[in-house]
>>> print(open('protein_4.pdb').read())   # PDB, C-alpha atoms
ATOM      1  CA  MET A  16      -1.610 -26.164  16.277  1.00  0.00           C
ATOM      2  CA  ARG A  17      -1.203 -22.893  14.425  1.00  0.00           C
ATOM      3  CA  ASP A  18       1.194 -22.716  11.495  1.00  0.00           C
ATOM      4  CA  GLU A  19       3.771 -20.003  11.949  1.00  0.00           C
ATOM      5  CA  LEU A  20       5.711 -18.393   9.194  1.00  0.00           C
ATOM      6  CA  LYS A  21       8.944 -16.645  10.067  1.00  0.00           C
ATOM      7  CA  VAL A  22      10.364 -14.229   7.537  1.00  0.00           C
ATOM      8  CA  GLU A  23      13.090 -11.601   7.674  1.00  0.00           C
ATOM      9  CA  LEU A  24      11.746  -8.207   6.690  1.00  0.00           C
ATOM     10  CA  ASP A  25      13.120  -4.807   5.827  1.00  0.00           C
ATOM     11  CA  GLU A  26      10.673  -2.627   7.698  1.00  0.00           C
ATOM     12  CA  ARG A  27       9.856   0.984   6.907  1.00  0.00           C
ATOM     13  CA  ASP A  28       7.515   3.167   8.897  1.00  0.00           C
ATOM     14  CA  TYR A  29       6.231   5.359   6.117  1.00  0.00           C
ATOM     15  CA  ALA A  30       4.461   7.638   8.574  1.00  0.00           C
ATOM     16  CA  LYS A  31       7.922   8.630   9.812  1.00  0.00           C
ATOM     17  CA  ASN A  32       9.773   8.085   6.524  1.00  0.00           C
ATOM     18  CA  PRO A  33       7.192   8.713   3.770  1.00  0.00           C
ATOM     19  CA  LEU A  34       7.426   7.273   0.295  1.00  0.00           C
ATOM     20  CA  GLY A  35       8.012   9.927  -2.354  1.00  0.00           C
ATOM     21  CA  GLU A  36       6.210  10.089  -5.682  1.00  0.00           C
ATOM     22  CA  ALA A  37       9.107   8.437  -7.530  1.00  0.00           C
ATOM     23  CA  GLU A  38       9.206   5.572  -4.998  1.00  0.00           C
ATOM     24  CA  LEU A  39       5.442   5.095  -5.229  1.00  0.00           C
ATOM     25  CA  LYS A  40       5.575   5.043  -9.044  1.00  0.00           C
ATOM     26  CA  GLU A  41       8.285   2.385  -8.897  1.00  0.00           C
ATOM     27  CA  LEU A  42       6.466   0.396  -6.199  1.00  0.00           C
ATOM     28  CA  PHE A  43       3.212   0.339  -8.191  1.00  0.00           C
ATOM     29  CA  LYS A  44       4.885  -0.086 -11.600  1.00  0.00           C
ATOM     30  CA  GLY A  45       2.545  -2.092 -13.817  1.00  0.00           C
ATOM     31  CA  LEU A  46      -0.243  -1.825 -11.215  1.00  0.00           C
ATOM     32  CA  ASP A  47      -3.048   0.663 -10.682  1.00  0.00           C
ATOM     33  CA  PRO A  48      -2.068   2.765  -7.643  1.00  0.00           C
ATOM     34  CA  ARG A  49      -5.724   3.639  -7.055  1.00  0.00           C
ATOM     35  CA  GLU A  50      -6.244   0.039  -5.898  1.00  0.00           C
ATOM     36  CA  PHE A  51      -3.860   0.707  -3.018  1.00  0.00           C
ATOM     37  CA  LEU A  52      -5.720   3.682  -1.572  1.00  0.00           C
ATOM     38  CA  ASN A  53      -7.044   2.915   1.895  1.00  0.00           C
ATOM     39  CA  PRO A  54     -10.811   3.626   1.951  1.00  0.00           C
ATOM     40  CA  LYS A  55     -10.811   3.078   5.743  1.00  0.00           C
ATOM     41  CA  SER A  56      -8.422   5.976   6.297  1.00  0.00           C
ATOM     42  CA  PRO A  57      -9.962   9.057   7.951  1.00  0.00           C
ATOM     43  CA  ALA A  58      -8.115  11.189   5.361  1.00  0.00           C
ATOM     44  CA  TYR A  59      -9.775   9.214   2.540  1.00  0.00           C
ATOM     45  CA  LYS A  60     -13.182   9.962   4.035  1.00  0.00           C
ATOM     46  CA  GLU A  61     -12.376  13.606   4.831  1.00  0.00           C
ATOM     47  CA  MET A  62     -11.260  14.209   1.240  1.00  0.00           C
ATOM     48  CA  GLY A  63     -14.407  12.558  -0.111  1.00  0.00           C
ATOM     49  CA  LEU A  64     -12.336  10.246  -2.287  1.00  0.00           C
ATOM     50  CA  LYS A  65     -15.045   7.594  -2.469  1.00  0.00           C
ATOM     51  CA  ASP A  66     -16.962   9.650  -5.006  1.00  0.00           C
ATOM     52  CA  LYS A  67     -13.958  11.072  -6.891  1.00  0.00           C
ATOM     53  CA  ARG A  68     -12.511   9.625 -10.067  1.00  0.00           C
ATOM     54  CA  LEU A  69      -8.800  10.066  -9.548  1.00  0.00           C
ATOM     55  CA  SER A  70      -6.169   9.454 -12.171  1.00  0.00           C
ATOM     56  CA  ALA A  71      -3.284   7.154 -11.273  1.00  0.00           C
ATOM     57  CA  ALA A  72      -0.994  10.213 -11.065  1.00  0.00           C
ATOM     58  CA  GLU A  73      -3.401  11.976  -8.701  1.00  0.00           C
ATOM     59  CA  ALA A  74      -3.575   8.911  -6.459  1.00  0.00           C
ATOM     60  CA  ILE A  75       0.226   8.787  -6.246  1.00  0.00           C
ATOM     61  CA  LYS A  76       0.424  12.510  -5.434  1.00  0.00           C
ATOM     62  CA  LEU A  77      -2.133  12.092  -2.651  1.00  0.00           C
ATOM     63  CA  MET A  78      -0.349   9.035  -1.190  1.00  0.00           C
ATOM     64  CA  ALA A  79       2.979  10.895  -1.243  1.00  0.00           C
ATOM     65  CA  LYS A  80       1.372  13.816   0.558  1.00  0.00           C
ATOM     66  CA  ASP A  81      -0.514  11.702   3.120  1.00  0.00           C
ATOM     67  CA  PRO A  82       0.887   8.178   3.721  1.00  0.00           C
ATOM     68  CA  ASN A  83      -2.218   7.256   5.731  1.00  0.00           C
ATOM     69  CA  LEU A  84      -3.978   6.971   2.386  1.00  0.00           C
ATOM     70  CA  ILE A  85      -1.901   3.869   1.531  1.00  0.00           C
ATOM     71  CA  LYS A  86      -3.202   0.418   2.473  1.00  0.00           C
ATOM     72  CA  ARG A  87      -0.979  -1.185   5.089  1.00  0.00           C
ATOM     73  CA  PRO A  88       1.100  -3.204   5.316  1.00  0.00           C
ATOM     74  CA  ILE A  89       2.840  -3.249   1.964  1.00  0.00           C
ATOM     75  CA  VAL A  90       4.769  -6.467   1.445  1.00  0.00           C
ATOM     76  CA  VAL A  91       7.008  -6.975  -1.569  1.00  0.00           C
ATOM     77  CA  ALA A  92       8.604 -10.355  -2.213  1.00  0.00           C
ATOM     78  CA  ALA A  93       9.761 -12.131  -5.338  1.00  0.00           C
ATOM     79  CA  GLY A  94       8.738  -9.127  -7.433  1.00  0.00           C
ATOM     80  CA  LYS A  95       5.117  -9.265  -6.233  1.00  0.00           C
ATOM     81  CA  LEU A  96       3.250  -6.848  -3.998  1.00  0.00           C
ATOM     82  CA  VAL A  97       0.483  -7.327  -1.449  1.00  0.00           C
ATOM     83  CA  ALA A  98      -1.005  -4.290   0.263  1.00  0.00           C
ATOM     84  CA  GLY A  99      -3.409  -4.465   3.163  1.00  0.00           C
ATOM     85  CA  PHE A 100      -3.730  -7.293   5.626  1.00  0.00           C
ATOM     86  CA  ASP A 101      -4.845 -10.316   3.654  1.00  0.00           C
ATOM     87  CA  ARG A 102      -3.561 -13.364   5.521  1.00  0.00           C
ATOM     88  CA  GLU A 103      -4.085 -15.802   2.647  1.00  0.00           C
ATOM     89  CA  ARG A 104      -2.419 -13.619  -0.001  1.00  0.00           C
ATOM     90  CA  LEU A 105       0.495 -12.969   2.371  1.00  0.00           C
ATOM     91  CA  ARG A 106       0.897 -16.705   2.989  1.00  0.00           C
ATOM     92  CA  GLN A 107       0.916 -17.351  -0.755  1.00  0.00           C
ATOM     93  CA  LEU A 108       3.427 -14.594  -1.335  1.00  0.00           C
ATOM     94  CA  LEU A 109       5.760 -15.589   1.476  1.00  0.00           C
ATOM     95  CA  GLY A 110       5.083 -19.312   1.591  1.00  0.00           C
TER      96      GLY A 110
END
>>> encode(input="protein_4.pdb", output="structure tokens")
Amino acid sequence: MRDELKVELDERDYAKNPLGEAELKELFKGLDPREFLNPKSPAYKEMGLKDKRLSAAEAIKLMAKDPNLIKRPIVVAAGKLVAGFDRERLRQLLG
């Protein structure tokens, strides 16, 4: 039998309602926003970001300009953030 976790979420489609630079700075406060860039994104590859050394501010500017550069989903609970689909980390966060 599979364990199921049911949680109420406030959902935001940031392709339709992008996060601005100020929101991204607040979201990643105390964290390195570069860790939340999505290397699987076509935009990431097209921009050649793999070989670039971006500053944290540059990463935020790029994510604000192109939300596809942000790992998905972003889940924030109890003051902690998990970005990208990591089942175990999400279970720990929400469990």
>>> resolve_selection(input="protein_4.pdb", expression="the PyMOL selection byres ((chain A and resi 92-94) around 10)", output="ChimeraX atom specification")
/A:24,42,90-91,95-97,105,108-109
>>> atom_distance(input="protein_4.pdb", atom1="CA of Met78 in chain A", atom2="CA of Leu34 in chain A")
8.1 Å
>>> closest_residue(input="protein_4.pdb", among="A:Lys86, A:Gly110, A:Phe43, A:Ile75", to="Lys55 in chain A", atoms="all atoms listed in the file")
A:Lys86
>>> atom_distance(input="protein_4.pdb", atom1="CA of Lys67 in chain A", atom2="CA of Leu52 in chain A")
12.3 Å
>>> atom_distance(input="protein_4.pdb", atom1="CA of Glu61 in chain A", atom2="CA of Ile85 in chain A")
14.7 Å
>>> closest_residue(input="protein_4.pdb", among="A:Lys60, A:Arg102, A:Lys31, A:Arg49", to="Pro88 in chain A", atoms="all atoms listed in the file")
A:Arg102
>>> residues_around(input="protein_4.pdb", residues="Leu69 in chain A", least_positions_apart="4", cutoff="12 Å", atoms="only C-alpha atoms", output="number ranges by chain")
A: 47-50, 52, 62-65, 73-78
>>> resolve_selection(input="protein_4.pdb", expression="the PyMOL selection byres ((chain A and resi 29) around 12)", output="PyMOL selection string")
chain A and resi 26-28+30-35+38-39+78-89
>>> axis_aligned_box(input="protein_4.pdb", around="range 88-93 of chain A", padding_each_side="4 Å", output="AutoDock Vina command-line options")
--center_x 5.4 --center_y -7.7 --center_z 0.0 --size_x 16.7 --size_y 16.9 --size_z 18.7
>>> build_atoms(input="protein_4.pdb", residues="range 90-103 of chain A", atoms="N, CA and C atoms", output="JSON list (two decimals), keeping the file's coordinate frame")
[["chain", "number", "residue", "atom", "x", "y", "z"],
["A", 90, "VAL", "N", 3.76, -5.40, 1.42],
["A", 90, "VAL", "CA", 4.77, -6.47, 1.44],
["A", 90, "VAL", "C", 5.17, -6.75, 0.00],
["A", 91, "VAL", "N", 6.47, -6.68, -0.24],
["A", 91, "VAL", "CA", 7.01, -6.98, -1.57],
["A", 91, "VAL", "C", 7.97, -8.14, -1.42],
["A", 92, "ALA", "N", 7.73, -9.18, -2.21],
["A", 92, "ALA", "CA", 8.60, -10.36, -2.21],
["A", 92, "ALA", "C", 8.54, -10.99, -3.59],
["A", 93, "ALA", "N", 9.67, -11.44, -4.04],
["A", 93, "ALA", "CA", 9.76, -12.13, -5.34],
["A", 93, "ALA", "C", 9.11, -11.32, -6.46],
["A", 94, "GLY", "N", 9.27, -9.99, -6.39],
["A", 94, "GLY", "CA", 8.74, -9.13, -7.43],
["A", 94, "GLY", "C", 7.23, -8.94, -7.40],
["A", 95, "LYS", "N", 6.57, -9.42, -6.36],
["A", 95, "LYS", "CA", 5.12, -9.26, -6.23],
["A", 95, "LYS", "C", 4.80, -8.42, -5.02],
["A", 96, "LEU", "N", 3.65, -7.77, -5.06],
["A", 96, "LEU", "CA", 3.25, -6.85, -4.00],
["A", 96, "LEU", "C", 1.88, -7.21, -3.45],
["A", 97, "VAL", "N", 1.78, -7.19, -2.13],
["A", 97, "VAL", "CA", 0.48, -7.33, -1.45],
["A", 97, "VAL", "C", 0.36, -6.13, -0.53],
["A", 98, "ALA", "N", -0.76, -5.43, -0.62],
["A", 98, "ALA", "CA", -1.00, -4.29, 0.26],
["A", 98, "ALA", "C", -2.29, -4.55, 1.03],
["A", 99, "GLY", "N", -2.27, -4.19, 2.30],
["A", 99, "GLY", "CA", -3.41, -4.46, 3.16],
["A", 99, "GLY", "C", -3.23, -5.83, 3.80],
["A", 100, "PHE", "N", -3.90, -6.03, 4.91],
["A", 100, "PHE", "CA", -3.73, -7.29, 5.63],
["A", 100, "PHE", "C", -4.68, -8.34, 5.06],
["A", 101, "ASP", "N", -4.11, -9.20, 4.25],
["A", 101, "ASP", "CA", -4.84, -10.32, 3.65],
["A", 101, "ASP", "C", -4.02, -11.57, 3.95],
["A", 102, "ARG", "N", -4.35, -12.23, 5.02],
["A", 102, "ARG", "CA", -3.56, -13.36, 5.52],
["A", 102, "ARG", "C", -3.28, -14.40, 4.43],
["A", 103, "GLU", "N", -4.27, -14.76, 3.66],
["A", 103, "GLU", "CA", -4.08, -15.80, 2.65],
["A", 103, "GLU", "C", -3.13, -15.35, 1.53]]
